[in-house]
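Visitor: Pasting a structure here, questions to come.
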Amino acid sequence: MNLARASSLLFGVELLNTALGFFGTVYFARELGATLLGIFFLFEATLYTMATVVDFGLRGAVEKRISAGDDPAQMFGAAVVLKLLLILVVSGLVLAVREPLAGYIGVDLAFELIGVVVAFELSMLVIHVLQGELRVAQTAVLHFLRSLTFVTVAVALLQYGYGVQAMVYALLVSYTVLLIGGTLRLSTPLARPGRRHLRSLYDYAKFNGIWGLGGHVYNWMDVIVIGFFLSQAAVGAYELAWRLTTTAIMFSTVFARALFPQLSAWQADGAVEKVQNLVSDAMTVSLLLIIPSVVGVAVIGREILGVIFGLEYTIAAAAFLVLMIEKLPQAVNLVFDKAIQAFDRPKYGAIATVVSLSMNIVLNVLLVPRYGLIGAAVATLVSVFANTVILGLYLGRLTPVRFPVRDVGWTVLAAAAMGVVLVGITRLLSVDTPLALIAVVGVAAVVYGGGVLAAPPLRVKIIENVRNVRG
């Protein structure tokens with residue numbers, strides 16, 4: 001597997017994907033307003049809570065078993081059987097709490113919720129099977145197709161006055177398209193599983209499920225708690241700030257997705273030194289775009305929210321900065337997470353998750369009522385930092401972990417120079433229009449890019465990866 005090519009192809013398509021999602025979100029934010037958008041975000045939070053319970057580690061388990069070449073067809077069959085059983089159970093629970101659920105979200109969407117979670121879970125299972133086949137790059141175009149379908153359907157239905165339901169129906173259609181497209185690309189057939197296959201998935205998933213629950217809490221717990229204690233408008237503003245920070249970590253996430261199958265294959269072959277070197281280099285790559293993003297948001301974070309989405313969303317400006325700082329440990333966490341999964345030690349991830357999950361829930365409940373949106377952001381930052389430290393300690397037991405101090409130091413210096421330039425520009429230019437914002441961000445990108453390329457070790461690695469992509 002050419003990791004540089006796979007990650008670059010993923011990043012290229014994901015860049016288009018993110019751009020499409022970004023402009024779509026801008027349109028939805030202005031079309032619906034913070035309150036209605038907040039209702040949709042609460043629907044999504046409920047959806048992915050259901051999906052986490054329905055999956056409970058199965059997707060990661062089947063990807064690991066297939067990437068290791070362990071009876072792929074039977075493992076796929078076992079995953080389908082287990083997943084359908086879990087879908088039936090969770091769907092019954094949703095119908096049982098239909099009324100209070102409608103009160104929390106703001107609209108009765110129980111049946112739509114069940115339909116979307118079925119399409120989502122089956123499509124994600126197919127995607128993970130493709131990744132287990134070491135065909136990660138091929139999943140990129142499928143994700144883009146899903147995003148394009150979502151935005152197109154949502155915009156069309158909004159024109160006919162469907163409101164929040166337009167977004168919900170667009171989700172259902174988009175994940176159905178992803179399921180069909182992914183199924184048509186599969187090489188692994190479905191085969192009748194034996195007891196051993198069911199047991200094998202269960203043994204991996206029982207810890208990986210706790211790990212996945214931690215990911216869900218990380219992504220949605222703050223929104224869920226804000227929905228209980230604050231307004232739906234606050235939910236909308238906070239989630240938009242969060243989504244902007246996820247665009248900064250997009251490449252880190254894509255690279256980690258491409259990283260896992262290669263680490264898993266090398267670990268299975270006993271290529272320990274390759275694993276060590278890749279983990280170290282991966283930390284540099286993962287932090288490459290996060291460090292300048294933190295500096296940028298510290299200088300013009302409020303302007304970014306106000307110009308892009310509207311002044312009503314600037315209530316999340318302070319939380320925006322904290323959430324961007326949180327992406328620093330998260331970028332390293334992505335690498336540690338995939339490395340530990342590749343060593344087939346989901347128990348370590350489960351332990352780290354239990355600790356950080358508990359911290360996240362407790363801190364959100366304590367801080368959100370008192371400090372509002374910034375309290376939610378701080379809760380996420382502290383819990384992610386704790387999770388990263390624990391994962392790092394456990395990974396150190398499996399293989400030596402060398403943090404790339406020199407390379408990261410160069411990126412910090414380049415980002416600092418960029419920050420100085422940004423401060424100077426903002427004193428001369430008022431960043432209150434889209435054109436001014438684009439100009440300022442463009443100058444910042446040029447300054448940072450020049451600083452990174454001026455560093456000999458980083459320049460060599462970048463040139464080497466470009467050659468790998470072309471080769």
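Scheme for the structure tokens: letters A, B, ... for chains in order shown; per-chain residue numbers from 1; ligand numbers from 1 in order shown.
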List as a Markdown table every residue of stretch 298-404 of chain A that is in contact with stretch 34-57 of chain A, defined as an atom at most 10 Å from one of its atoms (using only C-alpha atoms), together with the nearest atom pair and the distance in Å rounded to one decimal, sorted by chain and then rising number.
Guide:
| residue | atom | partner | partner_atom | distance |
| --- | --- | --- | --- | --- |
| A:Phe309 | CA | A:Ala34 | CA | 9.6 |
| A:Gly310 | CA | A:Ala34 | CA | 9.7 |
| A:Glu312 | CA | A:Ala34 | CA | 7.4 |
| A:Tyr313 | CA | A:Ala34 | CA | 7.4 |
| A:Pro346 | CA | A:Gly57 | CA | 9.6 |
Visitor: Write the residues of the preceding selection, restricted to N, CA and C atoms, as a PDB file, in the first residue's frame.
Guide:
ATOM      1  N   PHE A 309     -20.732  33.057   8.862  1.00  0.00           N
ATOM      2  CA  PHE A 309     -22.066  32.574   9.231  1.00  0.00           C
ATOM      3  C   PHE A 309     -23.044  33.676   9.624  1.00  0.00           C
ATOM      4  N   GLY A 310     -22.555  34.780  10.141  1.00  0.00           N
ATOM      5  CA  GLY A 310     -23.438  35.843  10.610  1.00  0.00           C
ATOM      6  C   GLY A 310     -23.136  36.194  12.051  1.00  0.00           C
ATOM      7  N   GLU A 312     -24.937  36.446  14.649  1.00  0.00           N
ATOM      8  CA  GLU A 312     -25.595  35.691  15.716  1.00  0.00           C
ATOM      9  C   GLU A 312     -24.770  34.488  16.169  1.00  0.00           C
ATOM     10  N   TYR A 313     -23.802  34.064  15.347  1.00  0.00           N
ATOM     11  CA  TYR A 313     -22.971  32.912  15.690  1.00  0.00           C
ATOM     12  C   TYR A 313     -21.684  33.283  16.415  1.00  0.00           C
ATOM     13  N   PRO A 346      -7.253  -3.405  21.701  1.00  0.00           N
ATOM     14  CA  PRO A 346      -8.389  -2.503  21.945  1.00  0.00           C
ATOM     15  C   PRO A 346      -8.648  -2.272  23.426  1.00  0.00           C
TER      16      PRO A 346
END
Visitor: Just the residues within 9 Å of A:His128, please, counting only C-alpha atoms, with nothing from its chain fewer than 2 positions along; format it as a ChimeraX atom specification.
Guide: /A:59-60,62-63,123-126,130-133,136,139
Visitor: Choose the residue, out of A:Arg30, A:Ala379, A:Phe228, A:Ile66, that has the smallest atom-to-atom separation from A:Gly103; count only C-alpha atoms.
Guide: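 Between A:Arg30, A:Ala379, A:Phe228, A:Ile66, the residue approaching A:Gly103 most closely is A:Phe228.
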Visitor: Quick one: residues within 12 Å of A:Val80, only C-alpha atoms counted, chain neighbours fewer than 2 positions away excluded, as an NGL selection string?
Guide: :A and (54-55 or 58-59 or 62 or 73-78 or 82-87 or 118 or 121-126 or 129 or 189-193 or 197-198 or 201)
Visitor: DSSP on the backbone, then: every residue of stretch 127-198 of chain A marked alpha helix (DSSP H), written as a ChimeraX atom specification.
Guide: /A:127-132,136-159,164-185,195-198
Visitor: Between A:Tyr204, A:Tyr348, A:Phe22, A:Phe343, which has the minimum distance to A:Asn387 (counting only C-alpha atoms)?
Guide: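 Looking only at the distances to A:Asn387, the closest residue turns out to be A:Tyr348.
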Visitor: Could you name the residues that touch stretch 147-160 of chain A at 9 Å or less, counting only C-alpha atoms, but leaving out those on the same chain fewer than 2 positions away, as a list in words?
Guide: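 Contacts, with the query itself left out: Asn17, Thr18, Leu20, Gly21, Gly24, Thr25, Tyr27, Phe28, Glu31, Leu142, His143, Phe144, Leu145, Tyr162, Gly163, Val164, Gln165, Ala166, Met167, Val168, Tyr169, Ala170, Leu171, Leu172, Val173, Ser174, Tyr175 and Val177 of chain A.
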Visitor: Take the residues just selected and output them with N, CA and C atoms as a short mmCIF file (atom, residue, chain, number, x, y, z; two decimals), in the first residue's frame.
Guide:
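Dumped to result_19.cif:
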data_model
loop_
_atom_site.label_atom_id
_atom_site.label_comp_id
_atom_site.auth_asym_id
_atom_site.auth_seq_id
_atom_site.Cartn_x
_atom_site.Cartn_y
_atom_site.Cartn_z
N ASN A 17 -14.69 17.49 -0.61
CA ASN A 17 -15.79 17.12 0.27
C ASN A 17 -16.03 18.19 1.32
N THR A 18 -14.92 18.65 1.93
CA THR A 18 -15.02 19.66 2.98
C THR A 18 -15.49 20.99 2.42
N LEU A 20 -17.38 21.43 -0.19
CA LEU A 20 -18.81 21.27 -0.47
C LEU A 20 -19.62 21.37 0.82
N GLY A 21 -19.17 20.64 1.85
CA GLY A 21 -19.86 20.68 3.13
C GLY A 21 -19.83 22.06 3.76
N GLY A 24 -22.17 24.36 1.91
CA GLY A 24 -23.51 23.92 2.24
C GLY A 24 -23.91 24.36 3.63
N THR A 25 -22.99 24.23 4.59
CA THR A 25 -23.28 24.62 5.96
C THR A 25 -23.51 26.13 6.07
N TYR A 27 -24.75 28.00 3.77
CA TYR A 27 -26.09 28.23 3.22
C TYR A 27 -27.16 27.83 4.23
N PHE A 28 -26.99 26.66 4.84
CA PHE A 28 -27.99 26.18 5.80
C PHE A 28 -28.06 27.10 7.02
N GLU A 31 -29.93 30.16 5.91
CA GLU A 31 -31.30 29.86 5.50
C GLU A 31 -32.19 29.49 6.69
N LEU A 142 -16.49 7.83 -2.66
CA LEU A 142 -17.81 7.47 -2.12
C LEU A 142 -18.27 8.47 -1.08
N HIS A 143 -17.34 8.90 -0.22
CA HIS A 143 -17.69 9.92 0.79
C HIS A 143 -18.06 11.24 0.11
N PHE A 144 -17.33 11.58 -0.95
CA PHE A 144 -17.66 12.80 -1.67
C PHE A 144 -19.04 12.70 -2.32
N LEU A 145 -19.34 11.55 -2.90
CA LEU A 145 -20.65 11.34 -3.51
C LEU A 145 -21.75 11.48 -2.48
N TYR A 162 -39.45 22.52 3.27
CA TYR A 162 -39.41 21.39 4.20
C TYR A 162 -38.71 21.71 5.52
N GLY A 163 -37.97 22.81 5.58
CA GLY A 163 -37.32 23.20 6.83
C GLY A 163 -36.31 22.17 7.33
N VAL A 164 -36.39 21.86 8.62
CA VAL A 164 -35.46 20.91 9.23
C VAL A 164 -35.59 19.53 8.58
N GLN A 165 -36.81 19.14 8.20
CA GLN A 165 -37.01 17.84 7.57
C GLN A 165 -36.21 17.70 6.27
N ALA A 166 -35.95 18.81 5.60
CA ALA A 166 -35.14 18.76 4.38
C ALA A 166 -33.76 18.18 4.67
N MET A 167 -33.17 18.60 5.79
CA MET A 167 -31.84 18.11 6.17
C MET A 167 -31.90 16.64 6.55
N VAL A 168 -32.98 16.24 7.24
CA VAL A 168 -33.12 14.85 7.69
C VAL A 168 -33.29 13.91 6.50
N TYR A 169 -34.17 14.27 5.58
CA TYR A 169 -34.39 13.42 4.41
C TYR A 169 -33.13 13.36 3.53
N ALA A 170 -32.39 14.46 3.49
CA ALA A 170 -31.14 14.47 2.73
C ALA A 170 -30.13 13.51 3.32
N LEU A 171 -30.08 13.42 4.65
CA LEU A 171 -29.20 12.45 5.30
C LEU A 171 -29.57 11.03 4.89
N LEU A 172 -30.87 10.73 4.93
CA LEU A 172 -31.34 9.39 4.58
C LEU A 172 -30.95 9.01 3.15
N VAL A 173 -31.19 9.91 2.23
CA VAL A 173 -30.87 9.63 0.82
C VAL A 173 -29.36 9.49 0.62
N SER A 174 -28.58 10.35 1.27
CA SER A 174 -27.13 10.35 1.05
C SER A 174 -26.48 9.08 1.56
N TYR A 175 -26.91 8.59 2.73
CA TYR A 175 -26.32 7.36 3.24
C TYR A 175 -26.79 6.14 2.47
N VAL A 177 -27.24 6.22 -0.80
CA VAL A 177 -26.35 6.28 -1.96
C VAL A 177 -24.97 5.71 -1.61
#
Visitor: Determine, counting only C-alpha atoms, which protein, DNA and RNA residues have an atom within 8 Å of an atom of A:Leu422; residues of the same chain fewer than 2 positions away are not included. Present the result as an MDAnalysis selection string.
Guide: chainID A and resid 296 299 418:420 424:426 440 444
Visitor: Write out as a list of chain:residue names which residues come within 12 Å of A:Arg397 when counting only C-alpha atoms, dropping same-chain ones fewer than 5 positions away.
Guide: A:Ala339, A:Ile340, A:Phe343, A:Arg345, A:Tyr348, A:Ile390, A:Leu391, A:Gly392
Visitor: Restricting the calculation to only C-alpha atoms: of A:Ala282, A:Val295, A:Ala350, A:Leu113, which residue gets closest to A:Tyr394?
Guide: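 Of all the options, A:Ala350 lies closest to A:Tyr394.
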